[in-house]
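Participant: Sending over query28.txt (compact mmCIF, C-alpha atoms and all ligand atoms).
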# COMPACT_ATOMS: atom_id res chain seq x y z
CA MET A 1 0.00 0.00 0.00
CA ALA A 2 1.28 3.48 -0.86
CA GLU A 3 2.47 5.55 2.08
CA ARG A 4 -0.03 8.20 3.16
CA PRO A 5 1.29 11.77 2.74
CA GLY A 6 1.83 13.71 5.95
CA ARG A 7 -1.03 15.88 7.14
CA LEU A 8 1.11 19.01 6.64
CA GLU A 9 2.91 17.91 3.49
CA GLY A 10 4.15 20.93 1.51
CA LYS A 11 3.18 23.37 4.27
CA VAL A 12 5.44 25.86 6.02
CA ALA A 13 4.91 26.50 9.73
CA ILE A 14 6.28 28.86 12.36
CA VAL A 15 6.32 27.74 15.99
CA THR A 16 7.16 30.45 18.53
CA GLY A 17 8.82 29.33 21.74
CA ALA A 18 9.92 26.21 19.87
CA GLY A 19 12.53 25.38 22.49
CA SER A 20 11.90 24.27 26.06
CA ARG A 21 13.02 26.08 29.17
CA GLY A 22 14.44 22.93 30.76
CA PRO A 23 15.30 19.32 30.06
CA GLY A 24 12.49 17.41 28.43
CA VAL A 25 9.81 18.31 25.93
CA GLY A 26 7.58 21.37 26.27
CA ASN A 27 4.53 22.30 24.24
CA GLY A 28 6.37 24.30 21.58
CA LYS A 29 9.04 21.64 21.08
CA ALA A 30 6.50 18.81 20.79
CA THR A 31 4.37 20.81 18.38
CA ALA A 32 7.34 21.61 16.13
CA VAL A 33 8.42 17.95 16.06
CA LEU A 34 4.90 16.77 15.22
CA PHE A 35 4.50 19.39 12.47
CA ALA A 36 7.79 18.25 10.90
CA ARG A 37 6.81 14.57 11.21
CA GLU A 38 3.69 15.35 9.19
CA GLY A 39 5.71 16.92 6.40
CA ALA A 40 5.84 20.64 7.26
CA SER A 41 8.99 22.72 6.97
CA VAL A 42 9.19 24.42 10.35
CA LEU A 43 10.77 27.71 11.42
CA LEU A 44 11.75 27.21 15.06
CA VAL A 45 11.58 30.60 16.76
CA ASP A 46 12.94 31.23 20.24
CA ALA A 47 14.50 34.13 22.12
CA GLN A 48 17.16 31.68 23.32
CA ILE A 49 18.51 30.17 20.13
CA GLU A 50 20.26 27.23 21.84
CA ARG A 51 16.83 26.01 22.96
CA ALA A 52 15.55 26.07 19.37
CA ASP A 53 18.75 24.27 18.31
CA GLU A 54 17.77 21.33 20.54
CA THR A 55 14.43 21.06 18.78
CA LEU A 56 16.18 21.30 15.41
CA ALA A 57 18.41 18.37 16.39
CA MET A 58 15.34 16.27 17.27
CA ILE A 59 13.68 17.06 13.94
CA GLU A 60 16.81 16.48 11.86
CA ALA A 61 17.43 13.15 13.62
CA GLU A 62 14.04 12.05 12.27
CA GLY A 63 14.79 13.32 8.76
CA GLY A 64 12.49 16.34 9.03
CA VAL A 65 13.00 19.84 7.61
CA ALA A 66 13.39 22.85 9.91
CA SER A 67 15.57 25.86 10.64
CA THR A 68 16.01 28.08 13.67
CA PHE A 69 15.42 31.80 14.06
CA GLN A 70 16.24 33.95 17.07
CA ALA A 71 13.48 36.42 17.87
CA ASP A 72 11.82 38.09 20.82
CA VAL A 73 8.12 37.98 19.96
CA THR A 74 7.45 41.10 22.05
CA ASN A 75 9.49 43.04 19.48
CA GLU A 76 7.65 43.89 16.26
CA ASP A 77 10.79 44.12 14.11
CA ASP A 78 11.70 40.60 15.23
CA CYS A 79 8.21 39.34 14.38
CA LYS A 80 8.37 40.86 10.91
CA ALA A 81 11.83 39.39 10.32
CA MET A 82 10.63 36.00 11.56
CA VAL A 83 7.84 35.88 8.98
CA GLU A 84 10.16 37.03 6.20
CA ALA A 85 12.68 34.35 7.18
CA ALA A 86 10.00 31.64 6.94
CA VAL A 87 9.04 32.77 3.44
CA GLU A 88 12.61 33.32 2.22
CA ARG A 89 13.93 30.02 3.54
CA HIS A 90 10.94 27.77 2.99
CA GLY A 91 8.95 29.51 0.25
CA ARG A 92 5.59 30.36 1.84
CA LEU A 93 3.72 30.48 5.16
CA ASP A 94 0.71 28.33 6.03
CA VAL A 95 0.70 27.79 9.79
CA LEU A 96 1.56 29.95 12.81
CA ASP A 97 1.62 28.36 16.26
CA ASN A 98 1.71 31.20 18.81
CA ASN A 99 3.10 29.19 21.72
CA VAL A 100 5.15 31.69 23.74
CA GLY A 101 3.68 32.31 27.17
CA ILE A 102 5.07 33.13 30.60
CA GLY A 103 4.22 33.95 34.15
CA LEU A 104 2.01 33.13 37.05
CA GLY A 105 2.04 35.93 39.60
CA PRO A 106 0.35 37.23 42.76
CA PRO A 107 -3.08 38.87 43.28
CA VAL A 108 -3.72 42.34 41.88
CA THR A 109 -3.29 43.83 45.35
CA GLU A 110 0.34 42.71 45.32
CA ILE A 111 1.50 42.48 41.73
CA ASP A 112 4.20 44.78 40.45
CA MET A 113 2.67 46.61 37.48
CA ASP A 114 5.78 46.25 35.33
CA GLU A 115 5.47 42.50 35.82
CA TRP A 116 1.76 42.73 34.94
CA ASP A 117 2.66 44.52 31.70
CA ARG A 118 5.41 42.02 30.91
CA VAL A 119 2.98 39.10 31.18
CA GLN A 120 0.32 40.79 29.03
CA ASN A 121 2.90 41.86 26.44
CA THR A 122 4.51 38.44 26.21
CA ASN A 123 1.31 36.41 26.21
CA VAL A 124 -1.12 38.59 24.25
CA ARG A 125 0.49 41.53 22.48
CA SER A 126 3.08 39.19 20.98
CA MET A 127 0.30 37.24 19.24
CA VAL A 128 -0.92 40.46 17.63
CA LEU A 129 2.61 41.26 16.47
CA THR A 130 3.30 37.84 14.97
CA SER A 131 -0.15 37.51 13.39
CA ARG A 132 -0.22 40.94 11.77
CA HIS A 133 2.87 40.01 9.76
CA ALA A 134 1.92 36.38 9.15
CA ILE A 135 -1.63 36.98 7.90
CA PRO A 136 -0.73 38.97 4.73
CA ARG A 137 1.71 36.19 3.75
CA MET A 138 -0.95 33.53 4.31
CA ILE A 139 -3.43 35.47 2.21
CA GLN A 140 -0.95 35.46 -0.70
CA THR A 141 -1.20 31.66 -0.91
CA GLY A 142 -4.93 31.36 -0.28
CA GLY A 143 -5.14 31.10 3.49
CA GLY A 144 -3.69 29.43 6.53
CA SER A 145 -4.13 28.38 10.12
CA ILE A 146 -3.14 30.18 13.32
CA ILE A 147 -3.13 28.37 16.64
CA ASN A 148 -2.94 30.49 19.79
CA ILE A 149 -1.91 28.71 22.97
CA SER A 150 -4.17 29.78 25.82
CA SER A 151 -4.54 27.77 29.03
CA GLY A 152 -7.08 26.18 31.31
CA ALA A 153 -6.07 29.15 33.46
CA GLY A 154 -7.80 31.37 30.89
CA ILE A 155 -11.21 30.09 31.92
CA ALA A 156 -10.70 29.34 35.63
CA ALA A 157 -8.91 30.97 38.54
CA ILE A 158 -5.64 29.30 39.50
CA GLY A 159 -4.28 32.03 41.76
CA ALA A 160 -2.40 33.90 39.05
CA ALA A 161 -4.26 37.06 38.09
CA ALA A 162 -1.89 38.33 35.40
CA TYR A 163 -1.61 34.92 33.74
CA THR A 164 -5.36 34.19 33.82
CA THR A 165 -6.13 37.66 32.44
CA SER A 166 -3.65 37.17 29.61
CA LYS A 167 -4.87 33.68 28.73
CA ALA A 168 -8.52 34.84 28.73
CA ALA A 169 -7.45 37.66 26.41
CA VAL A 170 -5.87 35.10 24.08
CA ILE A 171 -9.32 33.48 23.74
CA GLY A 172 -10.93 36.86 22.96
CA LEU A 173 -8.20 37.71 20.49
CA THR A 174 -8.66 34.35 18.77
CA ILE A 175 -12.40 34.87 18.35
CA ALA A 176 -11.92 38.43 17.06
CA MET A 177 -9.19 37.43 14.61
CA ALA A 178 -11.18 34.43 13.38
CA GLY A 179 -14.06 36.78 12.56
CA ASP A 180 -11.84 39.33 10.86
CA HIS A 181 -9.89 36.89 8.69
CA GLY A 182 -12.25 33.99 7.98
CA ARG A 183 -13.22 35.32 4.57
CA GLN A 184 -9.53 35.48 3.69
CA GLY A 185 -9.28 31.73 4.23
CA ILE A 186 -7.51 31.95 7.57
CA ARG A 187 -8.69 29.77 10.44
CA ILE A 188 -7.73 30.89 13.93
CA ASN A 189 -8.22 28.66 16.95
CA CYS A 190 -7.01 28.25 20.52
CA VAL A 191 -5.61 25.30 22.39
CA ALA A 192 -6.17 25.53 26.14
CA PRO A 193 -3.85 23.02 27.83
CA GLY A 194 -4.74 21.79 31.29
CA LEU A 195 -2.30 20.44 33.83
CA VAL A 196 0.23 18.97 31.44
CA PHE A 197 3.64 17.99 32.79
CA THR A 198 6.27 20.01 30.95
CA PRO A 199 9.58 21.71 31.80
CA MET A 200 7.53 24.90 32.36
CA VAL A 201 5.98 23.43 35.52
CA ALA A 202 8.40 20.62 36.44
CA ASP A 203 10.26 22.73 39.01
CA MET A 204 7.02 23.41 40.91
CA MET A 205 6.01 19.73 41.13
CA ASP A 206 6.63 16.94 43.56
CA ALA A 207 5.10 13.44 43.34
CA ASP A 208 2.16 14.36 45.61
CA LEU A 209 1.25 17.43 43.59
CA ARG A 210 1.47 15.49 40.35
CA GLN A 211 -0.90 12.87 41.78
CA HIS A 212 -3.26 15.60 43.00
CA ARG A 213 -3.27 17.05 39.47
CA ARG A 214 -4.09 13.66 37.96
CA ASN A 215 -6.91 13.24 40.47
CA SER A 216 -8.51 16.53 39.49
CA THR A 217 -9.31 15.31 35.97
CA MET A 218 -11.99 12.98 34.63
CA LEU A 219 -9.44 10.62 33.11
CA GLY A 220 -7.24 10.57 36.20
CA THR A 221 -4.08 10.70 34.11
CA GLU A 222 -1.36 13.24 33.45
CA GLY A 223 -1.03 15.01 30.12
CA THR A 224 2.16 15.74 28.22
CA ALA A 225 3.35 18.27 25.69
CA TRP A 226 2.61 15.71 22.98
CA ASP A 227 -1.10 15.94 23.82
CA VAL A 228 -0.93 19.70 23.28
CA GLY A 229 1.11 19.26 20.10
CA ASN A 230 -1.35 16.77 18.66
CA ALA A 231 -4.21 19.22 19.21
CA ALA A 232 -2.25 21.97 17.47
CA LEU A 233 -1.45 19.57 14.62
CA PHE A 234 -5.12 18.77 14.15
CA LEU A 235 -6.05 22.46 14.07
CA ALA A 236 -3.21 23.20 11.65
CA SER A 237 -4.24 20.44 9.25
CA GLU A 238 -6.97 20.18 6.63
CA ASP A 239 -8.77 17.81 9.03
CA ALA A 240 -9.88 21.02 10.76
CA ARG A 241 -10.79 22.85 7.53
CA TRP A 242 -14.25 23.84 8.85
CA ILE A 243 -13.19 24.80 12.37
CA THR A 244 -12.38 28.37 13.36
CA GLY A 245 -12.77 30.66 16.36
CA GLN A 246 -12.82 27.71 18.77
CA VAL A 247 -11.13 26.86 22.05
CA LEU A 248 -9.98 23.24 22.27
CA SER A 249 -9.38 22.26 25.90
CA VAL A 250 -6.70 19.59 26.18
CA ASP A 251 -7.12 18.76 29.83
CA ALA A 252 -8.56 15.28 30.47
CA GLY A 253 -11.90 16.97 31.15
CA MET A 254 -10.65 19.18 33.98
CA SER A 255 -12.41 22.30 32.71
CA VAL A 256 -15.80 20.58 32.95
CA THR A 257 -15.14 18.69 36.17
CA SER A 258 -16.63 19.78 39.49
CA ARG A 259 -13.89 20.54 41.98
CA HIS A 260 -12.97 17.47 44.08
CA ALA A 261 -15.43 15.27 42.16
CA TYR A 262 -12.85 12.60 41.41
CA GLN A 263 -10.43 13.11 44.31
CA GLU A 264 -11.06 9.58 45.66
CA TRP A 265 -10.02 7.86 42.43
N1 LIG A 301 3.05 23.50 30.77
C1 LIG A 301 1.86 23.71 31.18
O1 LIG A 301 1.42 23.12 32.15
C2 LIG A 301 0.97 24.68 30.43
C3 LIG A 301 -0.39 24.68 30.74
C4 LIG A 301 -1.20 25.58 30.06
C5 LIG A 301 -0.67 26.41 29.10
N2 LIG A 301 0.66 26.39 28.82
C6 LIG A 301 1.16 27.30 27.79
O2 LIG A 301 2.01 26.61 26.88
C7 LIG A 301 2.94 27.57 26.32
C8 LIG A 301 4.41 27.24 26.52
O3 LIG A 301 4.64 25.96 26.59
P1 LIG A 301 6.13 25.37 26.58
O4 LIG A 301 5.95 24.08 27.29
O5 LIG A 301 6.64 25.38 25.18
O6 LIG A 301 6.97 26.41 27.48
P2 LIG A 301 8.54 26.62 27.73
O7 LIG A 301 8.62 27.75 28.70
O8 LIG A 301 9.24 25.34 28.08
O9 LIG A 301 9.10 27.05 26.29
C9 LIG A 301 8.78 28.20 25.72
C10 LIG A 301 9.96 28.80 24.99
O10 LIG A 301 9.58 30.14 24.74
C11 LIG A 301 10.73 30.93 24.74
N3 LIG A 301 10.35 32.32 24.96
C12 LIG A 301 9.95 32.91 26.11
N4 LIG A 301 9.70 34.21 25.91
C13 LIG A 301 9.95 34.45 24.60
C14 LIG A 301 9.88 35.60 23.78
N5 LIG A 301 9.51 36.80 24.27
N6 LIG A 301 10.19 35.48 22.46
C15 LIG A 301 10.57 34.28 21.94
N7 LIG A 301 10.67 33.16 22.68
C16 LIG A 301 10.36 33.25 23.99
C17 LIG A 301 11.60 30.37 25.85
O11 LIG A 301 12.98 30.65 25.64
C18 LIG A 301 11.28 28.86 25.79
O12 LIG A 301 12.29 28.15 25.11
C19 LIG A 301 2.70 28.88 27.03
O13 LIG A 301 1.87 29.70 26.26
C20 LIG A 301 2.03 28.43 28.31
O14 LIG A 301 1.30 29.45 28.91
C21 LIG A 301 1.49 25.53 29.47
What would the structure in this file look like if it were written as structure tokens?
Facilitator:
Amino acid sequence: MAERPGRLEGKVAIVTGAGSRGPGVGNGKATAVLFAREGASVLLVDAQIERADETLAMIEAEGGVASTFQADVTNEDDCKAMVEAAVERHGRLDVLDNNVGIGLGPPVTEIDMDEWDRVQNTNVRSMVLTSRHAIPRMIQTGGGSIINISSGAGIAAIGAAAYTTSKAAVIGLTIAMAGDHGRQGIRINCVAPGLVFTPMVADMMDADLRQHRRNSTMLGTEGTAWDVGNAALFLASEDARWITGQVLSVDAGMSVTSRHAYQEW
């Protein structure tokens, strides 16, 4: 039987935050690897280029096509250059995975307002900056797909006001952008990861907390970056051709679980 073509064959994708902050595989890294496995050429964007280099090594070891690009997505010149690099190196732009996100933070009564601004700028404003340069390029080739990484924290309090505010804004931005650019053939969706175990949270976890997190989901299991990456892959692909403006929770049902409902499991 003939081999099935990859779900992103011939496509060019940008993943922002394509490295991981620590050992292991984070959401951006997993997404980039999965995109490449499905045939996309991937521009691996990270402020810390050595982190993107690690992802490049993983992709090249599997025979995939990718290249790295150093950019701070809070800087508009960097975002513009990032999009131009994708087109110059790989020929076009079809998919943008806006994965960069930072921060937790104290209540509004205590938060330093510079820190508040840094979280909003990194998590929300950056997505405006990357998208406003990516969208015209996608229009040139008939459309594309943008995936914005929100969080379960965008629809529920987790004790991190700045982060929750930013991740809720990502959902609003996604809906607004989907409405504005649908007729140009651009689908824009959100992935809202739940309590996945990644380098981003590994330092805050011990075995008890990880078990508590498992227990707070319907499935009673822990998620990984690959679960988030697979959701982004689906939304990037033609399998999702009629899906836009949506929030896909990847959280083992946590967002629709009553608190403590499954604690005894
Ligand atoms: N891990 C979780 O439990 C979890 C849960 C919900 C949502 N998320 C979301 O997933 C996304 C990140 O996942 P990850 O696992 O890839 O995180 P990560 O922190 O491991 O990796 C993100 C990469 O982004 C880079 N980066 C940070 N700021 C940047 C900037 N201004 N410009 C360019 N690059 C920058 C970092 O250098 C890092 O390599 C975030 O949006 C986060 O809010 C994570």
Participant: Kindly extract all protein, DNA and RNA residues lying within 10 Å of the coordinates (10.9, 32.1, 5.2) given in the file, considering all atoms listed in the file, and supply them as a list in words.
Facilitator: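 In the file's frame, the residues around the point are Val12, Ala13, Ile14, Ser41, Val42, Leu43, Ser67, Phe69, Ala81, Met82, Val83, Glu84, Ala85, Ala86, Val87, Glu88, Arg89, His90, Gly91, Arg92 and Leu93 of chain A.
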Participant: Choose the residue, out of A:Asp208, A:Glu238, A:Asp114, A:Glu54, that has the smallest atom-to-atom separation from ligand LIG 301 (chain A); count all atoms listed in the file.
Facilitator: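 For ligand LIG 301 (chain A), the nearest of the given residues is A:Glu54.
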Participant: Can you tell me which residues surround Met218 of chain A at a distance of at most 7 Å, considering all atoms listed in the file, apart from same-chain residues fewer than 4 positions away, and format the answer as an MDAnalysis selection string?
Facilitator: chainID A and resid 252:254 257 262
Participant: Record the distance separating atom CA of Ser145 of chain A and atom CA of Glu9 of chain A, expressed in Å with one decimal.
Facilitator: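 For atom CA of Ser145 of chain A relative to atom CA of Glu9 of chain A, the distance reads 14.3 Å.
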Participant: Counting all atoms listed in the file, which protein, DNA or RNA residues come within 7 Å of ligand LIG 301 (chain A), given as an NGL selection string?
Facilitator: :A and (16-22 or 26-29 or 45-48 or 51-52 or 71-74 or 99-102 or 122-123 or 149-153 or 192-201 or 225)
Participant: Considering all atoms listed in the file, can you say which of A:Gln211, A:Thr221, A:Gln184, A:Asn75 comes closest to Met138 of chain A?
Facilitator: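 Of A:Gln211, A:Thr221, A:Gln184, A:Asn75, the one nearest Met138 of chain A, counting all atoms listed in the file, is A:Gln184.
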Participant: Take atom CA of Gly172 of chain A and atom CA of Ile158 of chain A and report the distance between them in Å, one decimal.
Facilitator: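 One can read the atom CA of Gly172 of chain A to atom CA of Ile158 of chain A distance as 18.9 Å.
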Participant: Show which residues sit within 6 Å of segment 185-188 of chain A, as JSON, numbers by chain. Count only C-alpha atoms, and ignore same-chain residues fewer than 3 positions away.
Facilitator: {"A": [143, 144, 145, 146, 147, 178, 181, 182, 244, 245]}
Participant: Can you write out the residues you just picked, keeping C-alpha atoms, as a compact mmCIF listing (two decimals), keeping the file's coordinate frame?
Facilitator:
# COMPACT_ATOMS: atom_id res chain seq x y z
CA GLY A 143 -5.14 31.10 3.49
CA GLY A 144 -3.69 29.43 6.53
CA SER A 145 -4.13 28.38 10.12
CA ILE A 146 -3.14 30.18 13.32
CA ILE A 147 -3.13 28.37 16.64
CA ALA A 178 -11.18 34.43 13.38
CA HIS A 181 -9.89 36.89 8.69
CA GLY A 182 -12.25 33.99 7.98
CA THR A 244 -12.38 28.37 13.36
CA GLY A 245 -12.77 30.66 16.36
Participant: Rounded to one decimal place, report the atom CA of Ala231 of chain A-atom CA of Ile243 of chain A distance in Å.
Facilitator: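 Distance reported for this atom pair: 12.6 Å.
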Participant: Could you check which of A:Ala30, A:Met205, A:Met127, A:Ala240 is closest to Asp227 of chain A, using all atoms listed in the file?
Facilitator: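 Closest to Asp227 of chain A of all the choices is A:Ala30.
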Participant: Extending 5 Å beyond the listed atoms of segment 2-13 of chain A on each side, what axis-aligned box results? I want centre and edge lengths in Å to one decimal, as JSON.
Facilitator:
{"center_x": 2.2, "center_y": 15.0, "center_z": 4.4, "size_x": 16.5, "size_y": 33.0, "size_z": 20.6}
Participant: For Ala161 of chain A, find every residue with an atom within 10 Å (counting only C-alpha atoms), except residues of its own chain fewer than 2 positions away, and show them as a list in words.
Facilitator: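 Result of the neighbour search: Gly103, Leu104, Gly105, Pro106, Pro107, Val108, Thr109, Ile111, Trp116, Ala153, Gly154, Ala157, Ile158, Gly159, Tyr163, Thr164, Thr165, Ser166 and Lys167 of chain A.
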Participant: Can I get the selected residues back with C-alpha atoms, as a compact mmCIF listing (two decimals), keeping the file's coordinate frame?
Facilitator:
# COMPACT_ATOMS: atom_id res chain seq x y z
CA GLY A 103 4.22 33.95 34.15
CA LEU A 104 2.01 33.13 37.05
CA GLY A 105 2.04 35.93 39.60
CA PRO A 106 0.35 37.23 42.76
CA PRO A 107 -3.08 38.87 43.28
CA VAL A 108 -3.72 42.34 41.88
CA THR A 109 -3.29 43.83 45.35
CA ILE A 111 1.50 42.48 41.73
CA TRP A 116 1.76 42.73 34.94
CA ALA A 153 -6.07 29.15 33.46
CA GLY A 154 -7.80 31.37 30.89
CA ALA A 157 -8.91 30.97 38.54
CA ILE A 158 -5.64 29.30 39.50
CA GLY A 159 -4.28 32.03 41.76
CA TYR A 163 -1.61 34.92 33.74
CA THR A 164 -5.36 34.19 33.82
CA THR A 165 -6.13 37.66 32.44
CA SER A 166 -3.65 37.17 29.61
CA LYS A 167 -4.87 33.68 28.73
Participant: With only C-alpha atoms as the basis for distance, which of A:Ser237, A:Val256, A:Met58, A:Asn121 is at the shortest distance from Gly39 of chain A?
Facilitator: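 Smallest separation from Gly39 of chain A among the options: A:Ser237.
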Participant: If I only have part of segment 106-123 of chain A, can you fill in N, CA and C atoms and write it as a short mmCIF file (atom, residue, chain, number, x, y, z; two decimals), keeping the file's coordinate frame?
Facilitator:
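Below you can see result21.cif, which holds the result:
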data_model
loop_
_atom_site.label_atom_id
_atom_site.label_comp_id
_atom_site.auth_asym_id
_atom_site.auth_seq_id
_atom_site.Cartn_x
_atom_site.Cartn_y
_atom_site.Cartn_z
N PRO A 106 1.20 37.03 41.57
CA PRO A 106 0.35 37.23 42.76
C PRO A 106 -0.96 37.95 42.43
N PRO A 107 -1.82 38.12 43.47
CA PRO A 107 -3.08 38.87 43.28
C PRO A 107 -2.84 40.32 42.87
N VAL A 108 -3.88 40.96 42.36
CA VAL A 108 -3.72 42.34 41.88
C VAL A 108 -3.33 43.31 42.99
N THR A 109 -3.67 42.96 44.23
CA THR A 109 -3.29 43.83 45.35
C THR A 109 -1.78 43.84 45.57
N GLU A 110 -1.10 42.84 45.04
CA GLU A 110 0.34 42.71 45.32
C GLU A 110 1.22 42.79 44.08
N ILE A 111 0.63 42.62 42.91
CA ILE A 111 1.50 42.48 41.73
C ILE A 111 2.20 43.78 41.37
N ASP A 112 3.44 43.67 40.98
CA ASP A 112 4.20 44.78 40.45
C ASP A 112 3.67 45.07 39.03
N MET A 113 3.35 46.32 38.75
CA MET A 113 2.67 46.61 37.48
C MET A 113 3.58 46.45 36.27
N ASP A 114 4.88 46.56 36.45
CA ASP A 114 5.78 46.25 35.33
C ASP A 114 5.71 44.77 34.99
N GLU A 115 5.60 43.94 36.03
CA GLU A 115 5.47 42.50 35.82
C GLU A 115 4.13 42.20 35.14
N TRP A 116 3.07 42.89 35.60
CA TRP A 116 1.76 42.73 34.94
C TRP A 116 1.89 43.01 33.44
N ASP A 117 2.51 44.14 33.11
CA ASP A 117 2.66 44.52 31.70
C ASP A 117 3.51 43.50 30.93
N ARG A 118 4.54 42.99 31.58
CA ARG A 118 5.41 42.02 30.91
C ARG A 118 4.63 40.75 30.55
N VAL A 119 3.77 40.31 31.46
CA VAL A 119 2.98 39.10 31.18
C VAL A 119 1.99 39.37 30.04
N GLN A 120 1.31 40.50 30.10
CA GLN A 120 0.32 40.79 29.03
C GLN A 120 1.03 40.95 27.67
N ASN A 121 2.17 41.64 27.70
CA ASN A 121 2.90 41.86 26.44
C ASN A 121 3.42 40.56 25.84
N THR A 122 3.92 39.70 26.71
CA THR A 122 4.51 38.44 26.21
C THR A 122 3.43 37.47 25.77
N ASN A 123 2.32 37.44 26.49
CA ASN A 123 1.31 36.41 26.21
C ASN A 123 0.25 36.84 25.21
#
